[in-house]
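Below is one structure, written out as structure tokens, with a few remarks after it.
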Amino acid sequence: MLIWLVVHSDATEVTWARWLTVMASLEAVAFAAAGAVFGTTVQSQRVTEAKEQAAAASDRAAHAENASKENSKDAANGRALAMVVKTRKRKKSASTEGLAGTPGDDADDDLAAIAERLFPD
């Protein structure tokens, strides 16, 4: 179209005005298309970054959930062990009431004391 305008430089003012109006309209459409392409590219990059961040957050959440399950299991095992130690100590105390201490009682007493301190009834 620019070539036509150069070749027909002797055209009347009305023809020039009409062609310039058409050129301005085409220019607006071209800039709008370029803006749309640029905007789509930028938005695509942002979407990709957001997806990567979401995937990383999902991985961290899964790891935290697994750690939480493992910690809950460990806590339950600790409570069960404490209950066994306490029960063993009570049974030993009931069966040896009035008898002299036997070797190894100190260790059992220490374990029972720790279990009582960590897991009071």
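Lettering and numbering for the structure tokens are positional, with chains as A, B, ... in the shown order, residues counted from 1 in each chain, and ligands counted from 1 in the shown order.
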
Fewer than 5 positions away in the same chain doesn't count, so skip those; otherwise give me all residues within 7 Å of stretch 76-85 of chain A, counting only C-alpha atoms, as a PyMOL selection string. chain A and resi 111-112+115+119

Produce a file of the selected residues containing C-alpha atoms, as a PDB file, in the first residue's frame.
ATOM      1  CA  LEU A 111      12.838 -46.343  82.277  1.00  0.00           C
ATOM      2  CA  ALA A 112       9.648 -46.167  84.312  1.00  0.00           C
ATOM      3  CA  ALA A 115       7.990 -42.968  80.830  1.00  0.00           C
ATOM      4  CA  PHE A 119       3.629 -39.671  79.350  1.00  0.00           C
TER       5      PHE A 119
END

I'd like the interatomic distance between atom CA of A:Val6 and atom CA of A:Gly35, to a tenth of an Å. 28.5 Å
